[in-house]
Protein chains: 4
Amino acid sequence: MSTYTAMVMNEPGALPAPVTRPIPEPGPTEVVVRLRATSMNYHDLVNLKGSIRGGPWPRVPMSDGAGEIAAVGNAVRSLRVGDRVVAAFSPRWLNGVATPRTRGDVLGDTRDGCLQQYLCIEESAVARTPLHLSDAEAATIPCAGVTAWTSLRGADVKAGDVVVAQGTGGVSLYVVQLAKAAGATVILTSSSDAKLDVGKSLGADHLVNYRTHPEWHKAVRELTGGEGADLVVDVGGVDTLAKSILATKMGGSIAIVGVLGGFGMAEIPYTTVMMQMQHVFGVAVGSAADLVALNAAMAATHIVPQISHHLDWTQIPEAMRVLGAQGHIGKIAITIV
Amino acid sequence: MSTYTAMVMNEPGALPAPVTRPIPEPGPTEVVVRLRATSMNYHDLVNLKGSIRGGPWPRVPMSDGAGEIAAVGNAVRSLRVGDRVVAAFSPRWLNGVATPRTRGDVLGDTRDGCLQQYLCIEESAVARTPLHLSDAEAATIPCAGVTAWTSLRGADVKAGDVVVAQGTGGVSLYVVQLAKAAGATVILTSSSDAKLDVGKSLGADHLVNYRTHPEWHKAVRELTGGEGADLVVDVGGVDTLAKSILATKMGGSIAIVGVLGGFGMAEIPYTTVMMQMQHVFGVAVGSAADLVALNAAMAATHIVPQISHHLDWTQIPEAMRVLGAQGHIGKIAITIV
Amino acid sequence: MSTYTAMVMNEPGALPAPVTRPIPEPGPTEVVVRLRATSMNYHDLVNLKGSIRGGPWPRVPMSDGAGEIAAVGNAVRSLRVGDRVVAAFSPRWLNGVATPRTRGDVLGDTRDGCLQQYLCIEESAVARTPLHLSDAEAATIPCAGVTAWTSLRGADVKAGDVVVAQGTGGVSLYVVQLAKAAGATVILTSSSDAKLDVGKSLGADHLVNYRTHPEWHKAVRELTGGEGADLVVDVGGVDTLAKSILATKMGGSIAIVGVLGGFGMAEIPYTTVMMQMQHVFGVAVGSAADLVALNAAMAATHIVPQISHHLDWTQIPEAMRVLGAQGHIGKIAITIV
Amino acid sequence: MSTYTAMVMNEPGALPAPVTRPIPEPGPTEVVVRLRATSMNYHDLVNLKGSIRGGPWPRVPMSDGAGEIAAVGNAVRSLRVGDRVVAAFSPRWLNGVATPRTRGDVLGDTRDGCLQQYLCIEESAVARTPLHLSDAEAATIPCAGVTAWTSLRGADVKAGDVVVAQGTGGVSLYVVQLAKAAGATVILTSSSDAKLDVGKSLGADHLVNYRTHPEWHKAVRELTGGEGADLVVDVGGVDTLAKSILATKMGGSIAIVGVLGGFGMAEIPYTTVMMQMQHVFGVAVGSAADLVALNAAMAATHIVPQISHHLDWTQIPEAMRVLGAQGHIGKIAITIV
């Protein structure tokens with residue numbers, strides 16, 4: 001068979017619809033991946049709703065993708081047909097610090113993404129899948145997993161540090177698992193005791209229900225002997241950033257990774273940042289090298305990501321509904337037939 | 001003579017008044033410094049106005065101090081009588097990252113400061129004065145100089161980087177001089193062309209009058225080919241922080257070092273921090289090791305700090321008036337007879 | 001009772017002999033620790049044999065010490081009588097990078113050490129004992145544990161990294177346990193399969209008997225897909241350093257922490273260091289802040305150090321014999337009555 | 001004209017001979033550079049003598065190249081025809097830490113280099129030429145300049161640090177100029193007072209003739225008050241590395257950048273590295289991002305590289321002779337007609 005099915009958005013906000021395309025030939029330094037799974041992130045939801053208008057149209061949405069190599073270009077040396085791989089969120093951001101140019105090219109935004117059976121991509125933009133993971137599990141790594149990883153790495157989290165994760169979304173539960181694997185102590189906040197229980201099963205040491213304890217930052221300080229956390233991974237933005245800063249110790253870090261509270265401006269106690277000599281840093285996923293490093297970490301520590309919903313690619317509307325309603329705990333994985 | 005004069009605040013907000021005290025004997029690991037100069041920082045102004053109430057009363061204000069060693073304890077090995085030294089802002093913060101304990105002890109706040117003829121202090125809390133500087137010049141280093149130094153070091157400023165300094169206060173002009181000495185390109189903002197001219201004479205490469213160009217962050221982007229600065233040293237807080245973030249490049253840094261806009265909260269475009277993967281970090285002066293390193297840097301690069309007002313210690317009210325009215329350009333040095 | 005027993009070396013190489021001393025009074029910022037245990041390191045063996053001649057004589061040997069606070073000075077705020085603590089190897093090296101001055105002052109070398117019932121020491125030079133450890137276990141932390149910790153931190157070891165530990169001495173088995181707690185993969189070398197089994201029980205992933213595989217560096221490369229290790233913690237010096245370099249990946253690190261092969265010079269393939277852009281760094285224990293951080297890490301990860309010999313302080317000659325003959329696996333703990 | 005002249009080595013050790021080739025068409029993400037200059041490094045000399053046998057044959061030698069863009073691929077956005085650029089030593093090493101794969105591909109070794117009129121290369125592997133430099137001057141940057149730059153950056157050299165440069169070869173004089181531009185104090189060693197004078201004219205603060213002072217490391221310690229240097233950039237390898245270590249302070253760094261003493265093994269005082277907690281790190285040029293950063297640094301600080309010989313591309317044998325006899329001071333620039 002020399003054709004395949006891609007799910008294509010024809011205009012901003014249009015539901016992806018099947019289109020038959022010829023299976024691509026890889027260029028010399030490219031590979032073609034037979035995709036088996038993707039997963040839905042908040043970023044994908046924004047894209048599917050039509051807010052990322054600037055890219056090419058029509059286009060295939062979804063940034064996460066996992067599968068196996070179907071074909072390799074003639075200059076490809078590191079991969080062979082059959083190798084299981086995941087694709088990097090920003091395929092041109094290979095390593096080190098990003099530039100607007102390398103960060104700006106994103107699967108599903110500025111080029112066709114992963115809601116299709118075949119993806120042609122640079123050899124340097126894929127990473128081997130950890131052996132212990134299924135494709136659906138692996139497909140949760142490139143956006144949510146890497147975001148959690150670069151957050152922890154950005155604060156140089158080490159054994160004995162205290163890390164605060166907020167809620168039970170995909171990034172936050174990755175933070176729980178990766179921080180525990182690094183020997184840290186984890187405090188998890190959520191509005192739901194049932195969700196906190198899932199976090200506890202993944203290793204969270206302390207649970208704070210911010211509905212019953214709206215002053216959750218004070219709970220963090222109490223749990224740390226008054227000192228505050230080494231790192232708070234902030235996913236709420238407007239809703240949480242000020243308290244995240246107040247929950248952090250002198251010399252500690254706050255990673256800004258999410259905008260669940262909405263885009264725009266947030267008020268912060270900036271004199272606290274100054275006097276406590278804190279580091280507030282932004283995380284916008286990570287590089288292909290970060291993806292490789294995370295996969296090595298997951299392989300070494302046998303982490304299996306938390307997936308609450310296994311859907312298939314005909315169920316994109318359902319995935320959007322669940323994510324929009326925050327009905328998920330961890331990740332929503334989507335298989336590609 | 002076995003007594004000396006100290007200028008003492010008897011209660012919060014009281015003007016310092018002369019008191020005769022016995023010259024102290026150093027403990028085994030202490031030195032006694034015959035102070036010759038201090039300088040006034042915004043922090044001192046706040047203290048003199050009575051806002052730092054928690055310390056011992058009566059107490060000697062002023063954190064900056066320079067002079068020469070008058071006596072050494074019997075276990076002191078690194079210093080001799082006659083050596084010229086400056087005192088560290090937080091005498092117990094020797095090196096590395098601060099803790100509330102090591103940062104919290106501040107000359108003039110939690111113990112007697114430098115508005116006196118003699119200061120007894122730990123050997124580990126003084127640094128040799130750069131040979132090319134007078135005591136009045138050296139007395140501007142411990143608070144303003146070190147704050148500028150740790151801001152630049154916190155962003156790892158290197159030759160070719162672009163640094164933005166705001167205004168012509170003591171910290172900002174140190175930023176100009178130290179950034180130039182590190183090979184950086186400096187953009188200086190001010191409300192006054194006359195003040196900008198002083199900055200230019202100290203090496204600033206580009207000048208932006210934010211009164212005539214209120215959108216100064218756009219000027220910074222234009223001057224950097226659209227890219228933004230590597231580091232903005234923010235001294236305005238509420239008034240400037242949001243624009244400082246918008247003036248910074250992807251992966252760049254914003255140092256929060258001042259609260260000229262007032263204490264409390266500031267609104268920031270946090271989604272910019274996230275998407276541009278910026279580092280916002282707080283600076284609350286620095287350690288004794290930072291002071292030693294800065295003195296080495298000033299000695300090697302022959303920097304002479306910019307002093308607009310030379311006063312003596314009977315003129316504290318005048319110094320307060322000038323600083324409060326922002327009538328200074330650079331530092332206000334105060335000699336001690 | 002106002003006197004206690006100290007074991008004192010009267011001259012270089014003399015066996016420690018009991019002396020009765022008055023229990024010291026702490027100075028304002030000092031504490032007196034009722035010591036309950038010490039442990040013997042290679043450094044102590046060298047000292048006991050008389051090779052560290054420069055300190056005061058007579059003196060109490062042994063750098064490691066654990067016990068509980070018996071008295072506190074009147075300015076001590078962070079500790080109370082009864083608190084369990086361990087003492088820092090270099091009491092004046094509080095944080096950050098060492099200087100000859102802060103590194104040079106060592107318990108048992110330049111001042112009285114821990115082979116005594118009471119130790120008077122600076123408040124800033126002790127760290128709280130992890131709750132889950134006995135004093136004998138805790139007494140193995142300050143020299144061997146901290147050396148392993150700073151080796152791993154110096155290479156920024158993270159989950160998924162590959163770390164090589166050499167042999168089953170105290171430092172190396174701490175490397176095994178701490179690296180595993182950080183999520184790393186550990187390769188352990190030894191001349192003895194029985195010793196390797198102990199390492200395996202502590203979490204080592206791969207075992208290499210260098211007697212049967214003298215080209216152990218090639219085994220490391222094979223186990224890492226040809227790439228080499230991220231970090232080799234070299235304890236053999238002359239005997240191992242060249243192969244440690246060859247076992248390391250491009251951009252990887254080699255920590256020089258031991259001199260089991262003797263003092264002096266070692267031949268290294270320096271063109272490999274250059275072309276592979278490796279980092280070779282020396283480790284000479286660590287700071288008080290490193291000790292605090294390690295204790296937090298051990299508390300969070302529940303590591304119990306490996307002790308092969310529990311002796312009491314009358315058995316110093318036996319401890320010296322065992323260590324000299326490398327008859328130990330892990331640490332030799334010594335209780336103080 | 002649609003053909004051009006390339007100087008081609010037909011086998012290892014064969015002198016480059018002119019060949020007429022068609023001017024290449026750039027691929028979508030490639031540019032074609034009209035080269036105007038190259039420069040000869042020790043690495044090129046080794047290559048020209050035939051020691052780098054593994055690459056394709058015949059091939060164009062020389063890694064350094066400067067010129068202007070003659071054509072761009074249709075996906076190239078950052079460059080236009082006419083832009084002046086220099087080419088990166090390892091075109092696939094874009095940023096961050098190298099891998100064998102990204103470091104291993106070198107102009108002139110594994111693919112055609114710069115001794116030709118036109119070079120087709122990836123857009124991501126060129127950097128804009130500093131405006132104040134001629135092409136001949138700019139052609140000295142990619143190998144020697146970047147090596148000096150990454151050496152200084154690897155030790156985080158800042159104002160006030162003391163840096164030792166060895167001899168007056170291309171890398172070492174770049175070290176002198178870049179270290180001075182960063183505010184450091186520079187100690188330069190050489191066997192010749194005449195060569196030292198050139199170093200002095202470039203800013204070196206202290207000069208040590210190691211012929212008259214073979215114990216030059218002791219001179220370094222004396223010049224630094226007994227403390228030692230912050231960084232020694234070692235170019236001599238076997239001949240110098242041991243003394244470079246002895247010349248370095250506690251916590252200081254030694255960059256291994258050269259093998260002028262020959263390939264292979266070198267003896268080092270490894271117990272000094274351990275006890276002084278030094279960092280010995282290898283430098284093998286740098287990434288394309290390093291080249292971009294260095295060009296920014298040179299533009300900001302107006303550094304003009306030291307060139308002792310201006311030759312043209314018919315004079316390769318003369319360049320080889322001069323470099324082999326160490327008759328140069330700084331760089332040997334070679335123009336391409």
# chains A, B, ... in the order shown; residues from 1 in each chain; ligands from 1

$ interface_residues --of "chain A" --to "chain C" --cutoff "8 Å" --atoms "only C-alpha atoms" --output "PyMOL selection string"
chain A and resi 156+158-161+181-185+293-301

$ residues_around --residues "Val19 in chain B" --least-positions-apart "3" --cutoff "9 Å" --atoms "only C-alpha atoms" --output "list in words"
Tyr4, Thr5, Ala6, Met7 and Val8 of chain B

$ write_last_selection --atoms "C-alpha atoms" --output "short mmCIF file (atom, residue, chain, number, x, y, z; two decimals), in the first residue's frame"
data_model
loop_
_atom_site.label_atom_id
_atom_site.label_comp_id
_atom_site.auth_asym_id
_atom_site.auth_seq_id
_atom_site.Cartn_x
_atom_site.Cartn_y
_atom_site.Cartn_z
CA TYR B 4 35.16 56.96 69.95
CA THR B 5 32.01 58.50 68.51
CA ALA B 6 29.13 56.47 67.15
CA MET B 7 26.05 57.99 65.54
CA VAL B 8 23.12 56.20 67.09
#

$ closest_atom_pairs --of "range 76-124 of chain B" --to "range 77-97 of chain C" --cutoff "12 Å" --atoms "only C-alpha atoms" --output "JSON lines"
{"residue": "B:Arg92", "atom": "CA", "partner": "C:Leu94", "partner_atom": "CA", "distance": 10.5}
{"residue": "B:Trp93", "atom": "CA", "partner": "C:Asn95", "partner_atom": "CA", "distance": 9.4}
{"residue": "B:Leu94", "atom": "CA", "partner": "C:Asn95", "partner_atom": "CA", "distance": 7.8}
{"residue": "B:Asn95", "atom": "CA", "partner": "C:Gly96", "partner_atom": "CA", "distance": 5.6}
{"residue": "B:Gly96", "atom": "CA", "partner": "C:Gly96", "partner_atom": "CA", "distance": 4.3}
{"residue": "B:Val97", "atom": "CA", "partner": "C:Gly96", "partner_atom": "CA", "distance": 7.4}
{"residue": "B:Ala98", "atom": "CA", "partner": "C:Asn95", "partner_atom": "CA", "distance": 9.1}
{"residue": "B:Thr99", "atom": "CA", "partner": "C:Asn95", "partner_atom": "CA", "distance": 10.6}
{"residue": "B:Pro100", "atom": "CA", "partner": "C:Ser78", "partner_atom": "CA", "distance": 11.8}
{"residue": "B:Arg101", "atom": "CA", "partner": "C:Ser78", "partner_atom": "CA", "distance": 9.3}
{"residue": "B:Thr102", "atom": "CA", "partner": "C:Leu94", "partner_atom": "CA", "distance": 10.8}
{"residue": "B:Ser124", "atom": "CA", "partner": "C:Arg92", "partner_atom": "CA", "distance": 10.5}

$ residues_around --residues "Ala14 in chain C" --least-positions-apart "5" --cutoff "8 Å" --atoms "only C-alpha atoms" --output "PyMOL selection string"
chain C and resi 9+48-50

$ atom_distance --atom1 "CA of Ser51 in chain C" --atom2 "CA of Glu227 in chain D"
24.5 Å

$ select_by_dssp --residues "range 61-232 of chain C" --states "helix (DSSP H, G or I)" --output "count of residues only"
55

$ residues_around --residues "range 312-325 of chain C" --least-positions-apart "3" --cutoff "12 Å" --atoms "only C-alpha atoms" --output "PyMOL selection string"
chain C and resi 5-9+13-18+35-49+61-62+114-117+136+168-170+260+308-309+328-337

$ select_by_dssp --residues "range 278-335 of chain D" --states "strand (DSSP E or B)" --output "PyMOL selection string"
chain D and resi 279-282+307-312+330-335

$ write_last_selection --atoms "all heavy atoms" --output "CSV table (one decimal), in the first residue's frame"
chain,number,residue,atom,x,y,z
D,279,HIS,N,39.3,21.7,38.3
D,279,HIS,CA,38.5,21.2,37.2
D,279,HIS,C,39.5,21.1,36.0
D,279,HIS,O,40.0,22.2,35.5
D,279,HIS,CB,37.4,22.1,36.8
D,279,HIS,CG,36.4,22.2,37.9
D,279,HIS,ND1,35.2,21.5,37.9
D,279,HIS,CD2,36.4,22.8,39.1
D,279,HIS,CE1,34.5,21.8,39.1
D,279,HIS,NE2,35.2,22.6,39.8
D,280,VAL,N,39.7,20.0,35.4
D,280,VAL,CA,40.5,19.8,34.2
D,280,VAL,C,39.5,19.4,33.1
D,280,VAL,O,38.8,18.4,33.2
D,280,VAL,CB,41.5,18.7,34.4
D,280,VAL,CG1,42.4,18.5,33.1
D,280,VAL,CG2,42.4,18.9,35.6
D,281,PHE,N,39.4,20.3,32.1
D,281,PHE,CA,38.4,20.0,31.1
D,281,PHE,C,39.0,20.1,29.7
D,281,PHE,O,39.8,20.9,29.4
D,281,PHE,CB,37.1,20.8,31.2
D,281,PHE,CG,37.4,22.3,31.0
D,281,PHE,CD1,37.1,22.9,29.8
D,281,PHE,CD2,37.8,23.1,32.0
D,281,PHE,CE1,37.2,24.3,29.6
D,281,PHE,CE2,38.0,24.5,31.8
D,281,PHE,CZ,37.7,25.0,30.6
D,282,GLY,N,38.5,19.2,28.8
D,282,GLY,CA,39.0,19.2,27.4
D,282,GLY,C,38.2,20.1,26.6
D,282,GLY,O,36.9,20.2,26.7
D,307,ILE,N,47.5,38.6,13.4
D,307,ILE,CA,47.9,37.7,12.3
D,307,ILE,C,49.4,38.1,12.0
D,307,ILE,O,49.7,39.2,11.7
D,307,ILE,CB,47.0,38.0,11.0
D,307,ILE,CG1,45.6,37.6,11.3
D,307,ILE,CG2,47.6,37.4,9.8
D,307,ILE,CD1,44.6,38.0,10.3
D,308,SER,N,50.2,37.1,11.9
D,308,SER,CA,51.6,37.4,11.7
D,308,SER,C,52.0,37.1,10.2
D,308,SER,O,52.9,37.7,9.7
D,308,SER,CB,52.5,36.5,12.6
D,308,SER,OG,52.5,35.2,12.2
D,309,HIS,N,51.2,36.3,9.5
D,309,HIS,CA,51.5,35.9,8.1
D,309,HIS,C,50.2,36.0,7.3
D,309,HIS,O,49.2,35.3,7.6
D,309,HIS,CB,52.1,34.5,8.0
D,309,HIS,CG,53.4,34.4,8.6
D,309,HIS,ND1,53.7,34.4,10.0
D,309,HIS,CD2,54.7,34.2,8.0
D,309,HIS,CE1,55.0,34.2,10.2
D,309,HIS,NE2,55.6,34.2,9.0
D,310,HIS,N,50.3,36.8,6.3
D,310,HIS,CA,49.2,36.9,5.3
D,310,HIS,C,49.7,36.2,4.0
D,310,HIS,O,50.6,36.7,3.3
D,310,HIS,CB,48.8,38.3,5.0
D,310,HIS,CG,48.0,39.0,6.0
D,310,HIS,ND1,46.6,38.8,6.0
D,310,HIS,CD2,48.3,39.8,7.0
D,310,HIS,CE1,46.1,39.5,7.1
D,310,HIS,NE2,47.1,40.1,7.7
D,311,LEU,N,49.2,35.0,3.7
D,311,LEU,CA,49.6,34.3,2.5
D,311,LEU,C,48.4,34.1,1.6
D,311,LEU,O,47.3,34.5,1.9
D,311,LEU,CB,50.2,32.9,2.9
D,311,LEU,CG,51.3,33.0,4.0
D,311,LEU,CD1,51.7,31.6,4.4
D,311,LEU,CD2,52.5,33.7,3.4
D,312,ASP,N,48.7,33.6,0.4
D,312,ASP,CA,47.5,33.3,-0.4
D,312,ASP,C,47.5,31.8,-0.7
D,312,ASP,O,48.4,31.0,-0.4
D,312,ASP,CB,47.5,34.1,-1.7
D,312,ASP,CG,48.6,33.7,-2.7
D,312,ASP,OD1,48.7,32.5,-3.0
D,312,ASP,OD2,49.3,34.6,-3.2
D,330,GLY,N,50.5,34.3,16.6
D,330,GLY,CA,49.1,34.4,16.3
D,330,GLY,C,48.8,33.6,15.1
D,330,GLY,O,49.1,32.4,15.1
D,331,LYS,N,48.1,34.1,14.2
D,331,LYS,CA,47.5,33.3,13.1
D,331,LYS,C,48.2,33.5,11.8
D,331,LYS,O,48.8,34.5,11.5
D,331,LYS,CB,46.0,33.7,12.9
D,331,LYS,CG,45.2,33.3,14.1
D,331,LYS,CD,45.0,31.8,14.3
D,331,LYS,CE,44.4,31.2,13.1
D,331,LYS,NZ,44.4,29.8,13.1
D,332,ILE,N,48.1,32.5,10.9
D,332,ILE,CA,48.5,32.5,9.5
D,332,ILE,C,47.2,32.6,8.7
D,332,ILE,O,46.5,31.6,8.6
D,332,ILE,CB,49.3,31.3,9.2
D,332,ILE,CG1,50.6,31.2,10.0
D,332,ILE,CG2,49.7,31.3,7.7
D,332,ILE,CD1,51.3,29.9,9.9
D,333,ALA,N,47.0,33.7,8.1
D,333,ALA,CA,45.8,33.9,7.3
D,333,ALA,C,46.1,33.6,5.8
D,333,ALA,O,47.2,33.9,5.3
D,333,ALA,CB,45.2,35.3,7.4
D,334,ILE,N,45.1,33.1,5.1
D,334,ILE,CA,45.4,32.7,3.7
D,334,ILE,C,44.2,33.1,2.9
D,334,ILE,O,43.1,32.7,3.1
D,334,ILE,CB,45.5,31.1,3.6
D,334,ILE,CG1,46.7,30.6,4.4
D,334,ILE,CG2,45.6,30.6,2.2
D,334,ILE,CD1,46.8,29.2,4.7
D,335,THR,N,44.5,34.0,1.9
D,335,THR,CA,43.4,34.5,1.0
D,335,THR,C,43.1,33.5,-0.1
D,335,THR,O,44.0,32.8,-0.6
D,335,THR,CB,43.8,35.9,0.5
D,335,THR,OG1,45.1,35.8,-0.1
D,335,THR,CG2,43.8,36.9,1.6

$ residues_around --residues "Gly54 in chain D" --least-positions-apart "3" --cutoff "12 Å" --atoms "only C-alpha atoms" --output "PyMOL selection string"
chain D and resi 11-12+47+50-51+57-59+104-106+108-111

$ residues_around --residues "Leu152 in chain C" --least-positions-apart "2" --cutoff "10 Å" --atoms "only C-alpha atoms" --output "list in words"
Val146, Thr147, Ala148, Trp149, Thr150, Gly154, Ala155, Asp156, Val157, Lys158, Val163, Val175, Leu178, Ala179, Ala182, Leu231, Val232, Val233, Ser253 and Ala255 of chain C

$ write_last_selection --atoms "all heavy atoms" --output "compact mmCIF listing (two decimals), in the first residue's frame"
# COMPACT_ATOMS: atom_id res chain seq x y z
N VAL C 146 29.74 12.29 52.26
CA VAL C 146 29.81 13.61 51.60
C VAL C 146 30.71 13.55 50.37
O VAL C 146 30.41 14.18 49.34
CB VAL C 146 30.30 14.68 52.61
CG1 VAL C 146 30.60 16.00 51.90
CG2 VAL C 146 29.24 14.90 53.69
N THR C 147 31.78 12.78 50.42
CA THR C 147 32.65 12.65 49.25
C THR C 147 31.88 12.06 48.07
O THR C 147 31.99 12.54 46.93
CB THR C 147 33.87 11.77 49.59
OG1 THR C 147 34.62 12.41 50.63
CG2 THR C 147 34.75 11.53 48.38
N ALA C 148 31.09 11.04 48.34
CA ALA C 148 30.28 10.45 47.27
C ALA C 148 29.26 11.46 46.74
O ALA C 148 29.06 11.61 45.53
CB ALA C 148 29.57 9.20 47.79
N TRP C 149 28.63 12.15 47.68
CA TRP C 149 27.61 13.14 47.31
C TRP C 149 28.17 14.24 46.42
O TRP C 149 27.60 14.58 45.37
CB TRP C 149 27.03 13.74 48.59
CG TRP C 149 26.03 14.84 48.43
CD1 TRP C 149 26.26 16.17 48.63
CD2 TRP C 149 24.65 14.73 48.03
NE1 TRP C 149 25.10 16.89 48.42
CE2 TRP C 149 24.11 16.03 48.04
CE3 TRP C 149 23.84 13.65 47.69
CZ2 TRP C 149 22.78 16.29 47.71
CZ3 TRP C 149 22.51 13.91 47.35
CH2 TRP C 149 21.99 15.20 47.36
N THR C 150 29.29 14.83 46.82
CA THR C 150 29.83 15.93 46.02
C THR C 150 30.37 15.42 44.68
O THR C 150 30.38 16.17 43.70
CB THR C 150 30.92 16.71 46.78
OG1 THR C 150 31.91 15.82 47.27
CG2 THR C 150 30.31 17.46 47.97
N GLY C 154 28.89 17.11 41.53
CA GLY C 154 29.86 17.76 40.65
C GLY C 154 29.64 17.41 39.19
O GLY C 154 30.02 18.16 38.29
N ALA C 155 29.04 16.25 38.95
CA ALA C 155 28.75 15.85 37.57
C ALA C 155 27.27 16.01 37.27
O ALA C 155 26.81 15.60 36.20
CB ALA C 155 29.17 14.40 37.35
N ASP C 156 26.53 16.61 38.21
CA ASP C 156 25.10 16.86 38.01
C ASP C 156 24.38 15.59 37.57
O ASP C 156 23.64 15.57 36.59
CB ASP C 156 24.96 17.95 36.92
CG ASP C 156 23.58 18.56 36.93
OD1 ASP C 156 22.87 18.43 37.95
OD2 ASP C 156 23.21 19.16 35.90
N VAL C 157 24.62 14.51 38.32
CA VAL C 157 24.03 13.21 37.95
C VAL C 157 22.52 13.26 38.07
O VAL C 157 21.98 13.74 39.06
CB VAL C 157 24.61 12.10 38.85
CG1 VAL C 157 23.80 10.81 38.70
CG2 VAL C 157 26.07 11.86 38.49
N LYS C 158 21.86 12.79 37.03
CA LYS C 158 20.40 12.81 36.98
C LYS C 158 19.89 11.42 36.59
O LYS C 158 20.68 10.55 36.20
CB LYS C 158 19.94 13.85 35.97
CG LYS C 158 20.48 13.61 34.58
CD LYS C 158 20.14 14.77 33.63
CE LYS C 158 20.56 14.41 32.20
NZ LYS C 158 22.02 14.15 32.06
N VAL C 163 26.63 5.72 35.98
CA VAL C 163 27.69 6.05 36.93
C VAL C 163 28.51 4.79 37.21
O VAL C 163 27.93 3.72 37.45
CB VAL C 163 27.10 6.58 38.25
CG1 VAL C 163 28.19 6.80 39.30
CG2 VAL C 163 26.33 7.87 37.99
N VAL C 175 28.41 5.83 46.69
CA VAL C 175 28.15 6.22 45.30
C VAL C 175 27.05 5.32 44.72
O VAL C 175 26.10 5.80 44.07
CB VAL C 175 29.42 6.14 44.45
CG1 VAL C 175 29.10 6.26 42.96
CG2 VAL C 175 30.41 7.23 44.86
N LEU C 178 23.64 6.35 46.47
CA LEU C 178 23.18 7.70 46.12
C LEU C 178 22.86 7.81 44.64
O LEU C 178 21.91 8.50 44.24
CB LEU C 178 24.21 8.74 46.54
CG LEU C 178 24.39 8.92 48.05
CD1 LEU C 178 25.61 9.79 48.36
CD2 LEU C 178 23.14 9.55 48.66
N ALA C 179 23.64 7.15 43.80
CA ALA C 179 23.37 7.21 42.36
C ALA C 179 22.05 6.50 42.05
O ALA C 179 21.24 6.98 41.25
CB ALA C 179 24.52 6.58 41.58
N ALA C 182 19.18 8.61 42.88
CA ALA C 182 18.99 9.70 41.92
C ALA C 182 18.45 9.21 40.58
O ALA C 182 18.30 9.99 39.65
CB ALA C 182 20.31 10.45 41.71
N LEU C 231 29.61 9.38 34.33
CA LEU C 231 30.52 9.71 35.45
C LEU C 231 31.22 8.46 35.91
O LEU C 231 30.58 7.42 36.13
CB LEU C 231 29.73 10.30 36.63
CG LEU C 231 30.50 10.46 37.96
CD1 LEU C 231 31.59 11.52 37.83
CD2 LEU C 231 29.55 10.81 39.10
N VAL C 232 32.53 8.55 36.07
CA VAL C 232 33.30 7.52 36.77
C VAL C 232 33.85 8.17 38.04
O VAL C 232 34.52 9.21 37.96
CB VAL C 232 34.45 6.97 35.92
CG1 VAL C 232 35.23 5.90 36.69
CG2 VAL C 232 33.92 6.40 34.61
N VAL C 233 33.55 7.58 39.18
CA VAL C 233 34.10 8.07 40.44
C VAL C 233 35.36 7.26 40.71
O VAL C 233 35.30 6.11 41.12
CB VAL C 233 33.08 7.95 41.60
CG1 VAL C 233 33.68 8.51 42.88
CG2 VAL C 233 31.78 8.67 41.25
N SER C 253 32.16 12.95 32.82
CA SER C 253 32.98 13.41 33.93
C SER C 253 33.70 12.27 34.63
O SER C 253 33.21 11.15 34.69
CB SER C 253 32.09 14.11 34.98
OG SER C 253 31.47 15.25 34.43
N ALA C 255 35.43 11.93 38.44
CA ALA C 255 35.72 12.53 39.74
C ALA C 255 36.93 11.82 40.34
O ALA C 255 36.93 10.60 40.45
CB ALA C 255 34.52 12.40 40.67

$ atom_distance --atom1 "CA of Tyr174 in chain C" --atom2 "CA of Lys243 in chain C"
21.4 Å

$ atom_distance --atom1 "CA of Arg103 in chain A" --atom2 "CA of Val283 in chain D"
27.7 Å

$ residues_around --residues "Gln278 in chain D" --least-positions-apart "5" --cutoff "8 Å" --atoms "only C-alpha atoms" --output "JSON, numbers by chain"
{"C": [281, 282], "D": [248, 249, 250, 251, 252, 253, 254, 273]}

$ closest_residue --among "D:Ala165, D:Gly264, D:Ala247, D:Lys195" --to "Gly225 in chain D" --atoms "only C-alpha atoms"
D:Ala247
